[in-house]
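Note: the block below is data_1.pdb and it holds PDB, C-alpha atoms and all ligand atoms.
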ATOM      1  CA  MET A   1     -27.167 -21.022   6.899
ATOM      2  CA  ALA A   2     -28.982 -19.434   3.938
ATOM      3  CA  GLU A   3     -29.652 -15.993   5.392
ATOM      4  CA  VAL A   4     -28.935 -14.295   8.693
ATOM      5  CA  ARG A   5     -32.224 -13.645  10.510
ATOM      6  CA  SER A   6     -31.026 -12.733  13.972
ATOM      7  CA  ILE A   7     -27.867 -11.366  15.489
ATOM      8  CA  GLY A   8     -26.563 -10.859  18.992
ATOM      9  CA  VAL A   9     -24.350  -7.870  19.758
ATOM     10  CA  VAL A  10     -22.181  -7.990  22.856
ATOM     11  CA  GLY A  11     -21.125  -4.604  24.239
ATOM     12  CA  GLY A  12     -23.563  -1.695  24.101
ATOM     13  CA  GLY A  13     -21.051   1.171  23.878
ATOM     14  CA  GLN A  14     -20.650   3.478  20.904
ATOM     15  CA  MET A  15     -19.845   0.680  18.418
ATOM     16  CA  GLY A  16     -22.159  -2.064  19.718
ATOM     17  CA  SER A  17     -25.174   0.240  19.879
ATOM     18  CA  GLY A  18     -24.455   1.491  16.343
ATOM     19  CA  ILE A  19     -24.099  -2.048  14.973
ATOM     20  CA  ALA A  20     -27.356  -3.095  16.687
ATOM     21  CA  GLN A  21     -29.149  -0.078  15.167
ATOM     22  CA  LEU A  22     -27.779  -0.798  11.695
ATOM     23  CA  ALA A  23     -28.866  -4.440  11.813
ATOM     24  CA  ALA A  24     -32.356  -3.644  13.140
ATOM     25  CA  VAL A  25     -32.921  -1.030  10.421
ATOM     26  CA  HIS A  26     -31.991  -3.692   7.830
ATOM     27  CA  GLY A  27     -34.636  -6.129   9.057
ATOM     28  CA  VAL A  28     -32.567  -8.336  11.349
ATOM     29  CA  ASP A  29     -33.785  -9.296  14.852
ATOM     30  CA  VAL A  30     -31.221  -8.063  17.377
ATOM     31  CA  TRP A  31     -30.370  -8.848  20.976
ATOM     32  CA  LEU A  32     -27.998  -6.254  22.437
ATOM     33  CA  HIS A  33     -26.132  -7.357  25.568
ATOM     34  CA  ASP A  34     -23.955  -5.406  27.989
ATOM     35  CA  THR A  35     -22.853  -6.268  31.526
ATOM     36  CA  ASP A  36     -23.487  -2.646  32.502
ATOM     37  CA  ALA A  37     -27.217  -1.844  32.797
ATOM     38  CA  GLU A  38     -26.524   1.888  32.445
ATOM     39  CA  ALA A  39     -24.748   1.259  29.129
ATOM     40  CA  LEU A  40     -27.918  -0.460  27.868
ATOM     41  CA  THR A  41     -30.052   2.484  28.978
ATOM     42  CA  ARG A  42     -27.699   4.892  27.165
ATOM     43  CA  ALA A  43     -27.683   2.612  24.084
ATOM     44  CA  THR A  44     -31.497   2.479  23.916
ATOM     45  CA  LYS A  45     -31.686   6.271  24.132
ATOM     46  CA  SER A  46     -28.963   6.929  21.560
ATOM     47  CA  ILE A  47     -30.389   4.371  19.087
ATOM     48  CA  SER A  48     -33.870   5.845  19.323
ATOM     49  CA  THR A  49     -32.537   9.428  18.931
ATOM     50  CA  SER A  50     -30.362   8.432  15.987
ATOM     51  CA  ILE A  51     -33.188   6.566  14.206
ATOM     52  CA  GLN A  52     -35.526   9.563  14.651
ATOM     53  CA  ARG A  53     -32.819  11.823  13.181
ATOM     54  CA  PHE A  54     -32.721   9.600  10.050
ATOM     55  CA  VAL A  55     -36.534   9.902   9.849
ATOM     56  CA  SER A  56     -36.550  13.692  10.223
ATOM     57  CA  LYS A  57     -33.917  13.984   7.478
ATOM     58  CA  GLY A  58     -36.116  11.883   5.201
ATOM     59  CA  GLN A  59     -33.516   9.088   5.025
ATOM     60  CA  LEU A  60     -35.760   6.503   6.721
ATOM     61  CA  SER A  61     -39.533   5.998   6.688
ATOM     62  CA  GLN A  62     -41.425   6.067  10.009
ATOM     63  CA  GLU A  63     -42.576   2.505   9.252
ATOM     64  CA  VAL A  64     -38.997   1.175   8.954
ATOM     65  CA  ALA A  65     -37.988   3.123  12.071
ATOM     66  CA  THR A  66     -40.838   1.683  14.133
ATOM     67  CA  GLY A  67     -40.060  -1.844  12.869
ATOM     68  CA  ALA A  68     -36.388  -1.428  13.740
ATOM     69  CA  LEU A  69     -37.145  -0.371  17.307
ATOM     70  CA  GLN A  70     -39.485  -3.373  17.672
ATOM     71  CA  ARG A  71     -36.807  -5.779  16.398
ATOM     72  CA  LEU A  72     -34.241  -4.562  18.924
ATOM     73  CA  ARG A  73     -34.123  -5.975  22.443
ATOM     74  CA  CYS A  74     -31.615  -5.236  25.197
ATOM     75  CA  THR A  75     -30.536  -7.712  27.840
ATOM     76  CA  SER A  76     -28.008  -8.020  30.636
ATOM     77  CA  ASN A  77     -28.271 -11.821  30.314
ATOM     78  CA  LEU A  78     -25.743 -13.173  27.788
ATOM     79  CA  GLU A  79     -27.713 -16.431  27.406
ATOM     80  CA  GLU A  80     -30.519 -14.582  25.570
ATOM     81  CA  LEU A  81     -28.136 -14.494  22.574
ATOM     82  CA  CYS A  82     -28.080 -18.289  22.276
ATOM     83  CA  SER A  83     -30.418 -18.463  19.260
ATOM     84  CA  ALA A  84     -28.605 -15.805  17.178
ATOM     85  CA  ASP A  85     -27.239 -16.762  13.739
ATOM     86  CA  VAL A  86     -24.302 -14.356  14.130
ATOM     87  CA  ILE A  87     -22.917 -12.862  17.338
ATOM     88  CA  ILE A  88     -20.853  -9.680  16.963
ATOM     89  CA  GLU A  89     -18.574  -8.821  19.852
ATOM     90  CA  ALA A  90     -17.939  -5.103  20.533
ATOM     91  CA  ILE A  91     -16.644  -5.012  24.105
ATOM     92  CA  VAL A  92     -13.558  -3.260  25.446
ATOM     93  CA  GLU A  93     -10.366  -3.591  23.324
ATOM     94  CA  SER A  94      -8.665  -6.126  25.634
ATOM     95  CA  GLU A  95      -7.437  -9.490  24.383
ATOM     96  CA  ASP A  96      -8.019 -11.215  27.734
ATOM     97  CA  ALA A  97     -11.583  -9.899  28.047
ATOM     98  CA  LYS A  98     -12.387 -10.857  24.450
ATOM     99  CA  LYS A  99     -10.896 -14.372  24.780
ATOM    100  CA  LYS A 100     -12.930 -15.011  27.924
ATOM    101  CA  LEU A 101     -16.069 -13.822  26.155
ATOM    102  CA  PHE A 102     -15.402 -15.910  23.014
ATOM    103  CA  SER A 103     -14.972 -18.994  25.167
ATOM    104  CA  GLU A 104     -18.340 -18.292  26.861
ATOM    105  CA  LEU A 105     -20.056 -17.516  23.538
ATOM    106  CA  ASP A 106     -18.735 -20.754  22.065
ATOM    107  CA  LYS A 107     -20.482 -22.708  24.831
ATOM    108  CA  LEU A 108     -23.841 -20.970  24.590
ATOM    109  CA  ALA A 109     -24.212 -20.134  20.871
ATOM    110  CA  LYS A 110     -25.856 -22.627  18.533
ATOM    111  CA  GLY A 111     -23.462 -24.859  16.603
ATOM    112  CA  SER A 112     -23.967 -23.116  13.268
ATOM    113  CA  ALA A 113     -23.498 -19.586  14.658
ATOM    114  CA  ILE A 114     -20.702 -17.329  13.447
ATOM    115  CA  LEU A 115     -18.763 -15.488  16.160
ATOM    116  CA  ALA A 116     -17.498 -12.161  14.827
ATOM    117  CA  SER A 117     -15.349  -9.553  16.519
ATOM    118  CA  ASN A 118     -15.460  -5.814  15.895
ATOM    119  CA  THR A 119     -11.926  -5.553  17.281
ATOM    120  CA  SER A 120      -9.813  -2.714  15.899
ATOM    121  CA  SER A 121      -6.523  -4.571  16.109
ATOM    122  CA  ILE A 122      -6.500  -7.821  18.126
ATOM    123  CA  SER A 123      -5.635 -11.158  16.506
ATOM    124  CA  ILE A 124      -8.719 -12.997  15.215
ATOM    125  CA  THR A 125      -6.690 -16.212  15.157
ATOM    126  CA  ARG A 126      -6.057 -15.975  18.915
ATOM    127  CA  LEU A 127      -9.724 -15.178  19.660
ATOM    128  CA  ALA A 128     -10.710 -18.154  17.495
ATOM    129  CA  PHE A 129      -8.331 -20.405  19.449
ATOM    130  CA  ALA A 130     -10.403 -19.668  22.590
ATOM    131  CA  THR A 131     -13.326 -21.487  20.920
ATOM    132  CA  SER A 132     -14.011 -24.968  19.559
ATOM    133  CA  ARG A 133     -15.135 -23.472  16.202
ATOM    134  CA  PRO A 134     -12.172 -21.488  14.804
ATOM    135  CA  CYS A 135     -13.488 -21.858  11.241
ATOM    136  CA  GLN A 136     -16.604 -19.877  12.294
ATOM    137  CA  VAL A 137     -14.704 -16.977  13.883
ATOM    138  CA  ILE A 138     -14.020 -13.817  11.882
ATOM    139  CA  GLY A 139     -13.234 -10.114  12.224
ATOM    140  CA  MET A 140     -16.069  -7.787  11.235
ATOM    141  CA  HIS A 141     -14.635  -4.326  11.824
ATOM    142  CA  PHE A 142     -17.232  -1.573  11.465
ATOM    143  CA  MET A 143     -16.236   2.078  11.306
ATOM    144  CA  ASN A 144     -17.512   4.707  13.737
ATOM    145  CA  PRO A 145     -20.438   5.496  13.619
ATOM    146  CA  PRO A 146     -21.644   2.185  12.104
ATOM    147  CA  PRO A 147     -25.004   3.461  10.805
ATOM    148  CA  ILE A 148     -23.250   6.133   8.722
ATOM    149  CA  MET A 149     -19.769   4.955   7.727
ATOM    150  CA  LYS A 150     -19.715   3.035   4.458
ATOM    151  CA  LEU A 151     -16.976   0.504   5.187
ATOM    152  CA  VAL A 152     -16.602  -2.864   6.889
ATOM    153  CA  GLU A 153     -13.134  -4.389   7.129
ATOM    154  CA  ILE A 154     -13.375  -8.178   7.215
ATOM    155  CA  VAL A 155     -10.481 -10.058   8.778
ATOM    156  CA  ARG A 156      -9.858 -13.732   8.166
ATOM    157  CA  GLY A 157      -8.257 -15.683  11.014
ATOM    158  CA  ALA A 158      -5.862 -18.517  10.162
ATOM    159  CA  ASP A 159      -8.744 -21.037  10.159
ATOM    160  CA  THR A 160     -11.707 -18.901   9.026
ATOM    161  CA  SER A 161     -13.691 -20.905   6.473
ATOM    162  CA  GLU A 162     -14.762 -19.669   3.067
ATOM    163  CA  GLU A 163     -18.413 -20.179   4.091
ATOM    164  CA  THR A 164     -17.953 -17.950   7.171
ATOM    165  CA  PHE A 165     -16.231 -15.312   5.048
ATOM    166  CA  ASN A 166     -18.980 -15.365   2.395
ATOM    167  CA  LEU A 167     -21.833 -15.135   4.939
ATOM    168  CA  THR A 168     -20.128 -12.267   6.786
ATOM    169  CA  LYS A 169     -19.428 -10.403   3.547
ATOM    170  CA  ALA A 170     -23.059 -10.888   2.435
ATOM    171  CA  LEU A 171     -24.281  -9.563   5.804
ATOM    172  CA  ALA A 172     -22.093  -6.442   5.564
ATOM    173  CA  GLU A 173     -23.305  -5.845   1.996
ATOM    174  CA  ARG A 174     -26.928  -6.284   3.098
ATOM    175  CA  PHE A 175     -26.209  -3.454   5.578
ATOM    176  CA  GLY A 176     -25.179  -1.330   2.562
ATOM    177  CA  LYS A 177     -21.453  -1.459   3.291
ATOM    178  CA  THR A 178     -18.445  -1.769   1.027
ATOM    179  CA  VAL A 179     -16.188  -4.600   2.198
ATOM    180  CA  ILE A 180     -12.410  -4.662   2.304
ATOM    181  CA  CYS A 181     -10.530  -7.759   3.335
ATOM    182  CA  SER A 182      -7.439  -7.983   5.542
ATOM    183  CA  GLN A 183      -5.128 -10.730   6.648
ATOM    184  CA  ASP A 184      -4.841 -11.196  10.404
ATOM    185  CA  TYR A 185      -1.914  -8.957  11.396
ATOM    186  CA  SER A 186      -1.995  -6.377  14.196
ATOM    187  CA  GLY A 187      -4.153  -3.369  13.308
ATOM    188  CA  PHE A 188      -5.290  -4.944  10.001
ATOM    189  CA  ILE A 189      -5.474  -2.266   7.255
ATOM    190  CA  ILE A 190      -7.280   0.716   8.770
ATOM    191  CA  ASN A 191      -5.575   1.007  12.134
ATOM    192  CA  ARG A 192      -2.173  -0.045  10.800
ATOM    193  CA  VAL A 193      -2.293   3.175   8.780
ATOM    194  CA  LEU A 194      -4.509   5.464  10.893
ATOM    195  CA  MET A 195      -3.251   4.922  14.463
ATOM    196  CA  PRO A 196       0.432   5.756  13.884
ATOM    197  CA  MET A 197      -0.762   9.062  12.387
ATOM    198  CA  ILE A 198      -2.933   9.793  15.444
ATOM    199  CA  ASN A 199      -0.064   8.773  17.754
ATOM    200  CA  GLU A 200       2.285  11.080  15.820
ATOM    201  CA  ALA A 201      -0.199  13.937  16.275
ATOM    202  CA  PHE A 202       0.033  13.319  20.038
ATOM    203  CA  PHE A 203       3.865  13.395  19.813
ATOM    204  CA  THR A 204       3.620  16.655  17.835
ATOM    205  CA  LEU A 205       1.543  18.147  20.669
ATOM    206  CA  TYR A 206       3.673  16.529  23.419
ATOM    207  CA  THR A 207       6.940  17.898  22.048
ATOM    208  CA  GLY A 208       5.511  21.411  21.692
ATOM    209  CA  VAL A 209       5.726  21.602  17.922
ATOM    210  CA  ALA A 210       2.255  23.185  17.700
ATOM    211  CA  THR A 211      -1.037  23.720  19.494
ATOM    212  CA  LYS A 212      -3.806  21.119  19.296
ATOM    213  CA  LYS A 213      -5.870  23.534  17.216
ATOM    214  CA  ASP A 214      -3.083  24.102  14.678
ATOM    215  CA  ILE A 215      -2.372  20.362  14.397
ATOM    216  CA  ASP A 216      -6.044  19.632  13.690
ATOM    217  CA  THR A 217      -6.557  22.640  11.410
ATOM    218  CA  GLY A 218      -3.381  21.759   9.549
ATOM    219  CA  MET A 219      -4.478  18.212   8.833
ATOM    220  CA  LYS A 220      -8.030  19.249   7.932
ATOM    221  CA  LEU A 221      -7.210  22.095   5.562
ATOM    222  CA  GLY A 222      -3.750  20.936   4.534
ATOM    223  CA  THR A 223      -4.502  17.293   3.746
ATOM    224  CA  ASN A 224      -8.277  17.400   3.253
ATOM    225  CA  HIS A 225      -9.153  15.192   6.240
ATOM    226  CA  PRO A 226     -12.722  15.795   7.495
ATOM    227  CA  MET A 227     -11.517  15.736  11.126
ATOM    228  CA  GLY A 228      -8.144  16.558  12.638
ATOM    229  CA  PRO A 229      -6.266  13.590  14.162
ATOM    230  CA  LEU A 230      -6.705  14.804  17.757
ATOM    231  CA  GLU A 231     -10.434  15.445  17.265
ATOM    232  CA  LEU A 232     -10.701  12.024  15.662
ATOM    233  CA  ALA A 233      -8.885  10.424  18.614
ATOM    234  CA  ASP A 234     -11.438  12.002  20.980
ATOM    235  CA  PHE A 235     -14.215  10.652  18.765
ATOM    236  CA  ILE A 236     -12.777   7.120  18.701
ATOM    237  CA  GLY A 237     -11.933   7.107  22.436
ATOM    238  CA  LEU A 238      -8.409   7.662  23.776
ATOM    239  CA  ASP A 239      -8.523   4.338  25.635
ATOM    240  CA  VAL A 240      -9.283   2.564  22.337
ATOM    241  CA  CYS A 241      -6.427   4.451  20.585
ATOM    242  CA  LEU A 242      -3.979   3.547  23.366
ATOM    243  CA  SER A 243      -5.002  -0.125  23.304
ATOM    244  CA  ILE A 244      -4.527  -0.258  19.525
ATOM    245  CA  MET A 245      -1.040   1.300  19.749
ATOM    246  CA  LYS A 246      -0.100  -1.299  22.373
ATOM    247  CA  VAL A 247      -1.332  -4.098  20.104
ATOM    248  CA  LEU A 248       0.639  -2.668  17.133
ATOM    249  CA  HIS A 249       3.783  -2.356  19.258
ATOM    250  CA  ALA A 250       3.484  -5.855  20.753
ATOM    251  CA  GLY A 251       2.504  -7.489  17.470
ATOM    252  CA  LEU A 252       4.868  -5.750  15.044
ATOM    253  CA  GLY A 253       7.756  -5.128  17.440
ATOM    254  CA  ASP A 254       8.883  -1.786  16.009
ATOM    255  CA  SER A 255       9.616   1.183  18.312
ATOM    256  CA  LYS A 256       7.747   3.440  15.907
ATOM    257  CA  TYR A 257       4.546   2.070  17.458
ATOM    258  CA  VAL A 258       5.384   3.062  21.072
ATOM    259  CA  PRO A 259       2.342   4.973  22.397
ATOM    260  CA  CYS A 260       2.950   8.676  23.067
ATOM    261  CA  PRO A 261       3.316   9.347  26.830
ATOM    262  CA  LEU A 262       0.744  12.141  26.529
ATOM    263  CA  LEU A 263      -1.848   9.703  25.158
ATOM    264  CA  GLN A 264      -1.089   7.374  28.084
ATOM    265  CA  GLN A 265      -1.387  10.263  30.544
ATOM    266  CA  TYR A 266      -4.790  11.379  29.236
ATOM    267  CA  VAL A 267      -6.098   7.826  29.601
ATOM    268  CA  ASP A 268      -4.633   7.567  33.126
ATOM    269  CA  ALA A 269      -6.505  10.776  33.988
ATOM    270  CA  GLY A 270      -9.809   9.364  32.688
ATOM    271  CA  ARG A 271      -9.801  11.802  29.766
ATOM    272  CA  LEU A 272     -11.134   9.252  27.297
ATOM    273  CA  GLY A 273     -12.590  11.658  24.722
ATOM    274  CA  ARG A 274     -16.139  12.572  23.756
ATOM    275  CA  LYS A 275     -17.724   9.606  25.528
ATOM    276  CA  ARG A 276     -16.453  11.030  28.883
ATOM    277  CA  GLY A 277     -16.986  14.669  27.965
ATOM    278  CA  ILE A 278     -13.246  15.368  28.007
ATOM    279  CA  GLY A 279     -10.184  14.149  26.137
ATOM    280  CA  VAL A 280      -7.765  16.310  24.175
ATOM    281  CA  TYR A 281     -10.657  18.806  24.106
ATOM    282  CA  ASN A 282     -13.300  19.648  26.669
ATOM    283  CA  TYR A 283     -16.876  18.930  25.514
ATOM    284  CA  ARG A 284     -18.596  19.507  28.835
ATOM    285  CA  LYS A 285     -19.438  23.195  28.874
ATOM    286  CA  VAL A 286     -20.175  24.018  25.272
ATOM    287  CA  THR A 287     -21.089  22.000  22.207
ATOM    288  CA  GLY A 288     -18.148  21.097  19.979
ATOM    289  CA  ALA A 289     -14.440  21.017  20.555
ATOM    290  CA  THR A 290     -12.942  23.836  22.629
ATOM    291  CA  ASN A 291      -9.485  24.465  23.934
ATOM    292  CA  LEU A 292      -9.097  23.443  27.569
TER     293      LEU A 292
HETATM  294  P1  LIG B   1     -17.059   1.546  24.528
HETATM  295  O1  LIG B   1     -16.152   1.774  25.681
HETATM  296  O2  LIG B   1     -17.911   2.674  24.033
HETATM  297  O3  LIG B   1     -18.055   0.309  24.830
HETATM  298  C1  LIG B   1     -17.642  -0.938  25.311
HETATM  299  C2  LIG B   1     -18.839  -1.565  26.027
HETATM  300  O4  LIG B   1     -18.537  -2.935  26.309
HETATM  301  C3  LIG B   1     -19.175  -0.888  27.361
HETATM  302  O5  LIG B   1     -20.546  -0.510  27.371
HETATM  303  C4  LIG B   1     -18.901  -1.985  28.404
HETATM  304  O6  LIG B   1     -19.795  -1.937  29.498
HETATM  305  C5  LIG B   1     -19.099  -3.243  27.577
HETATM  306  N1  LIG B   1     -18.414  -4.434  28.084
HETATM  307  C6  LIG B   1     -17.139  -4.524  28.539
HETATM  308  N2  LIG B   1     -16.863  -5.811  28.861
HETATM  309  C7  LIG B   1     -17.982  -6.535  28.578
HETATM  310  C8  LIG B   1     -18.310  -7.919  28.652
HETATM  311  N3  LIG B   1     -17.436  -8.828  29.083
HETATM  312  N4  LIG B   1     -19.542  -8.321  28.276
HETATM  313  C9  LIG B   1     -20.459  -7.404  27.830
HETATM  314  N5  LIG B   1     -20.203  -6.080  27.731
HETATM  315  C10 LIG B   1     -18.979  -5.661  28.092
HETATM  316  O7  LIG B   1     -16.123   0.979  23.344
HETATM  317  P2  LIG B   1     -16.327   1.092  21.760
HETATM  318  O8  LIG B   1     -15.704   2.342  21.283
HETATM  319  O9  LIG B   1     -17.748   0.806  21.441
HETATM  320  O10 LIG B   1     -15.386  -0.100  21.253
HETATM  321  C11 LIG B   1     -15.811  -1.454  21.338
HETATM  322  C12 LIG B   1     -14.952  -2.292  20.413
HETATM  323  O11 LIG B   1     -15.069  -1.783  19.071
HETATM  324  C13 LIG B   1     -13.448  -2.294  20.733
HETATM  325  O12 LIG B   1     -12.924  -3.551  20.434
HETATM  326  C14 LIG B   1     -12.909  -1.228  19.791
HETATM  327  O13 LIG B   1     -11.545  -1.413  19.512
HETATM  328  C15 LIG B   1     -13.777  -1.460  18.559
HETATM  329  N6  LIG B   1     -13.910  -0.338  17.656
HETATM  330  C16 LIG B   1     -14.008   0.942  18.146
HETATM  331  C17 LIG B   1     -14.131   2.011  17.269
HETATM  332  C18 LIG B   1     -14.258   3.402  17.784
HETATM  333  O14 LIG B   1     -14.166   4.361  16.981
HETATM  334  N7  LIG B   1     -14.470   3.620  19.083
HETATM  335  C19 LIG B   1     -14.177   1.812  15.804
HETATM  336  C20 LIG B   1     -14.138   0.415  15.409
HETATM  337  C21 LIG B   1     -13.965  -0.592  16.305
END

Output the structure of this file as structure tokens.
Amino acid sequence: MAEVRSIGVVGGGQMGSGIAQLAAVHGVDVWLHDTDAEALTRATKSISTSIQRFVSKGQLSQEVATGALQRLRCTSNLEELCSADVIIEAIVESEDAKKKLFSELDKLAKGSAILASNTSSISITRLAFATSRPCQVIGMHFMNPPPIMKLVEIVRGADTSEETFNLTKALAERFGKTVICSQDYSGFIINRVLMPMINEAFFTLYTGVATKKDIDTGMKLGTNHPMGPLELADFIGLDVCLSIMKVLHAGLGDSKYVPCPLLQQYVDAGRLGRKRGIGVYNYRKVTGATNL
């Protein structure tokens, strides 16, 4: 494959919709698939709003914006992705769900297609094993939100070929991203370092050391982080954070990765963060983070 012309994105949540937008803006034809029709409606709206915001800030011409929206198509039929050069998976952070999807994608994608996962922590090698093309499976971990964040973490599975790595790296660079490369161990680089800090912030709250506001203010002003760890957890999604901690604990076997019971409790209560209007903070009544 000389150049990627079309991609399929599976999962139209916050990451999948952002990846689809990024690709369309950079001249790639995109099919965005989700099993949930409402997710596709939300994705279409958020992509169009986000693209218009880039235009009004003068960061994108109206011509590029219009072209991007024309290149982007949504579908609830996975088979529409069969002609894509690269398929990027961005569904829920569950190994079973991702393996099932990779097995289906393997059957319907063209033989030359690369199957990439945006997983935050799950083994690329095990996802690859669910397919008949492990050398064409790779981790392509975008940061949130994909149209803005400058980094892509590329993860090589045990059998990922050099050609797959080079094509994926070139695609990320075409999207204007800086690439870092990780071996395939739980959490890779970013979440191996970030998630234990977020989990520790939950323990700090859970054990009554400080209020949520003081924990976040402390980390913002005291360590120069743009967002506090609890705010960031709400932004990422508490369900995603919990899943990543479980993967770190299972994969690395150290008790320091045990998820905080408070994080588990918020997820059990459906308090998943910004995407549900409530997480550590309540976003429903006023704009921005407020104390509950
Ligand atoms: P999300 O919950 O916003 O979206 C997931 C979407 O996948 C939903 O719309 C759901 O309907 C859809 N879906 C679930 N199963 C499906 C299937 N079998 N086929 C098609 N669609 C399906 O989740 P989010 O935050 O976008 O995360 C997606 C992936 O990206 C996860 O693997 C996560 O770990 C990873 N990620 C998340 C980041 C974040 O900050 N939230 C950052 C980087 C990676």

I would like the residues chosen by the PyMOL selection byres (((chain A and resi 22) around 10) and not hetatm) on the shown file; could you give them as a PDB file with C-alpha atoms, in the frame of the given file?
ATOM      1  CA  GLY A  16     -22.159  -2.064  19.718  1.00  0.00           C
ATOM      2  CA  SER A  17     -25.174   0.240  19.879  1.00  0.00           C
ATOM      3  CA  GLY A  18     -24.455   1.491  16.343  1.00  0.00           C
ATOM      4  CA  ILE A  19     -24.099  -2.048  14.973  1.00  0.00           C
ATOM      5  CA  ALA A  20     -27.356  -3.095  16.687  1.00  0.00           C
ATOM      6  CA  GLN A  21     -29.149  -0.078  15.167  1.00  0.00           C
ATOM      7  CA  ALA A  23     -28.866  -4.440  11.813  1.00  0.00           C
ATOM      8  CA  ALA A  24     -32.356  -3.644  13.140  1.00  0.00           C
ATOM      9  CA  VAL A  25     -32.921  -1.030  10.421  1.00  0.00           C
ATOM     10  CA  HIS A  26     -31.991  -3.692   7.830  1.00  0.00           C
ATOM     11  CA  GLY A  27     -34.636  -6.129   9.057  1.00  0.00           C
ATOM     12  CA  VAL A  28     -32.567  -8.336  11.349  1.00  0.00           C
ATOM     13  CA  VAL A  30     -31.221  -8.063  17.377  1.00  0.00           C
ATOM     14  CA  ILE A  47     -30.389   4.371  19.087  1.00  0.00           C
ATOM     15  CA  ILE A  51     -33.188   6.566  14.206  1.00  0.00           C
ATOM     16  CA  ALA A  68     -36.388  -1.428  13.740  1.00  0.00           C
ATOM     17  CA  PRO A 145     -20.438   5.496  13.619  1.00  0.00           C
ATOM     18  CA  PRO A 146     -21.644   2.185  12.104  1.00  0.00           C
ATOM     19  CA  PRO A 147     -25.004   3.461  10.805  1.00  0.00           C
ATOM     20  CA  ILE A 148     -23.250   6.133   8.722  1.00  0.00           C
ATOM     21  CA  PHE A 175     -26.209  -3.454   5.578  1.00  0.00           C
ATOM     22  CA  GLY A 176     -25.179  -1.330   2.562  1.00  0.00           C
TER      23      GLY A 176
END

For the interface of chain A with ligand LIG 1 (chain B) (cut-off 7 Å, counting all atoms listed in the file), please tabulate each contacting residue of chain A alongside its nearest pair of atoms and their separation in Å to one decimal, rows sorted by chain and increasing number, as a Markdown table.
| residue | atom | partner | partner_atom | distance |
| --- | --- | --- | --- | --- |
| A:Val10 | CA | B:LIG1 | C9 | 5.3 |
| A:Gly11 | CA | B:LIG1 | O4 | 3.7 |
| A:Gly12 | CA | B:LIG1 | O5 | 4.6 |
| A:Gly13 | CA | B:LIG1 | O3 | 3.3 |
| A:Gln14 | CA | B:LIG1 | O9 | 4.0 |
| A:Met15 | CA | B:LIG1 | O9 | 3.7 |
| A:Gly16 | CA | B:LIG1 | O9 | 5.5 |
| A:His33 | CA | B:LIG1 | C9 | 6.1 |
| A:Asp34 | CA | B:LIG1 | N5 | 3.8 |
| A:Thr35 | CA | B:LIG1 | C9 | 4.5 |
| A:Asp36 | CA | B:LIG1 | O6 | 4.8 |
| A:Ala39 | CA | B:LIG1 | O5 | 4.9 |
| A:Ala90 | CA | B:LIG1 | C12 | 4.1 |
| A:Ile91 | CA | B:LIG1 | O4 | 3.6 |
| A:Val92 | CA | B:LIG1 | C1 | 4.7 |
| A:Glu93 | CA | B:LIG1 | O12 | 3.9 |
| A:Ala97 | CA | B:LIG1 | N3 | 6.0 |
| A:Leu101 | CA | B:LIG1 | N3 | 5.9 |
| A:Asn118 | CA | B:LIG1 | O11 | 5.1 |
| A:Thr119 | CA | B:LIG1 | O12 | 3.9 |
| A:Ser120 | CA | B:LIG1 | O13 | 4.2 |
| A:Ser121 | CA | B:LIG1 | O13 | 6.8 |
| A:His141 | CA | B:LIG1 | C21 | 5.9 |
| A:Phe142 | CA | B:LIG1 | C20 | 5.4 |
| A:Met143 | CA | B:LIG1 | C20 | 4.9 |
| A:Asn144 | CA | B:LIG1 | O14 | 4.7 |
| A:Phe235 | CA | B:LIG1 | O14 | 6.5 |
| A:Ile236 | CA | B:LIG1 | O14 | 3.5 |
| A:Gly237 | CA | B:LIG1 | N7 | 5.5 |
| A:Val240 | CA | B:LIG1 | O13 | 5.4 |

For a cut-off of 8 Å around (-31.9, -10.8, 24.0), file coordinates, pick out all residues using only C-alpha atoms and list them as a compact mmCIF listing (two decimals) with C-alpha atoms, in the coordinates of the input.
# COMPACT_ATOMS: atom_id res chain seq x y z
CA GLY A 8 -26.56 -10.86 18.99
CA VAL A 30 -31.22 -8.06 17.38
CA TRP A 31 -30.37 -8.85 20.98
CA LEU A 32 -28.00 -6.25 22.44
CA HIS A 33 -26.13 -7.36 25.57
CA ARG A 73 -34.12 -5.98 22.44
CA CYS A 74 -31.62 -5.24 25.20
CA THR A 75 -30.54 -7.71 27.84
CA ASN A 77 -28.27 -11.82 30.31
CA LEU A 78 -25.74 -13.17 27.79
CA GLU A 79 -27.71 -16.43 27.41
CA GLU A 80 -30.52 -14.58 25.57
CA LEU A 81 -28.14 -14.49 22.57

Excluding Met219 (chain A) and residues on its chain fewer than 2 positions from it, collect all residues at most 12 Å away from it, counting all atoms listed in the file, and give them as an mmCIF file with C-alpha atoms, in the frame of the given file.
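Writing the result to out_12.cif gives the following:
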data_model
loop_
_atom_site.group_PDB
_atom_site.id
_atom_site.type_symbol
_atom_site.label_atom_id
_atom_site.label_comp_id
_atom_site.auth_asym_id
_atom_site.auth_seq_id
_atom_site.Cartn_x
_atom_site.Cartn_y
_atom_site.Cartn_z
ATOM 1 C CA MET A 197 -0.762 9.062 12.387
ATOM 2 C CA ILE A 198 -2.933 9.793 15.444
ATOM 3 C CA ALA A 201 -0.199 13.937 16.275
ATOM 4 C CA LYS A 212 -3.806 21.119 19.296
ATOM 5 C CA LYS A 213 -5.870 23.534 17.216
ATOM 6 C CA ASP A 214 -3.083 24.102 14.678
ATOM 7 C CA ILE A 215 -2.372 20.362 14.397
ATOM 8 C CA ASP A 216 -6.044 19.632 13.690
ATOM 9 C CA THR A 217 -6.557 22.640 11.410
ATOM 10 C CA LEU A 221 -7.210 22.095 5.562
ATOM 11 C CA GLY A 222 -3.750 20.936 4.534
ATOM 12 C CA THR A 223 -4.502 17.293 3.746
ATOM 13 C CA ASN A 224 -8.277 17.400 3.253
ATOM 14 C CA HIS A 225 -9.153 15.192 6.240
ATOM 15 C CA PRO A 226 -12.722 15.795 7.495
ATOM 16 C CA MET A 227 -11.517 15.736 11.126
ATOM 17 C CA GLY A 228 -8.144 16.558 12.638
ATOM 18 C CA PRO A 229 -6.266 13.590 14.162
ATOM 19 C CA LEU A 230 -6.705 14.804 17.757
ATOM 20 C CA GLU A 231 -10.434 15.445 17.265
ATOM 21 C CA LEU A 232 -10.701 12.024 15.662
#
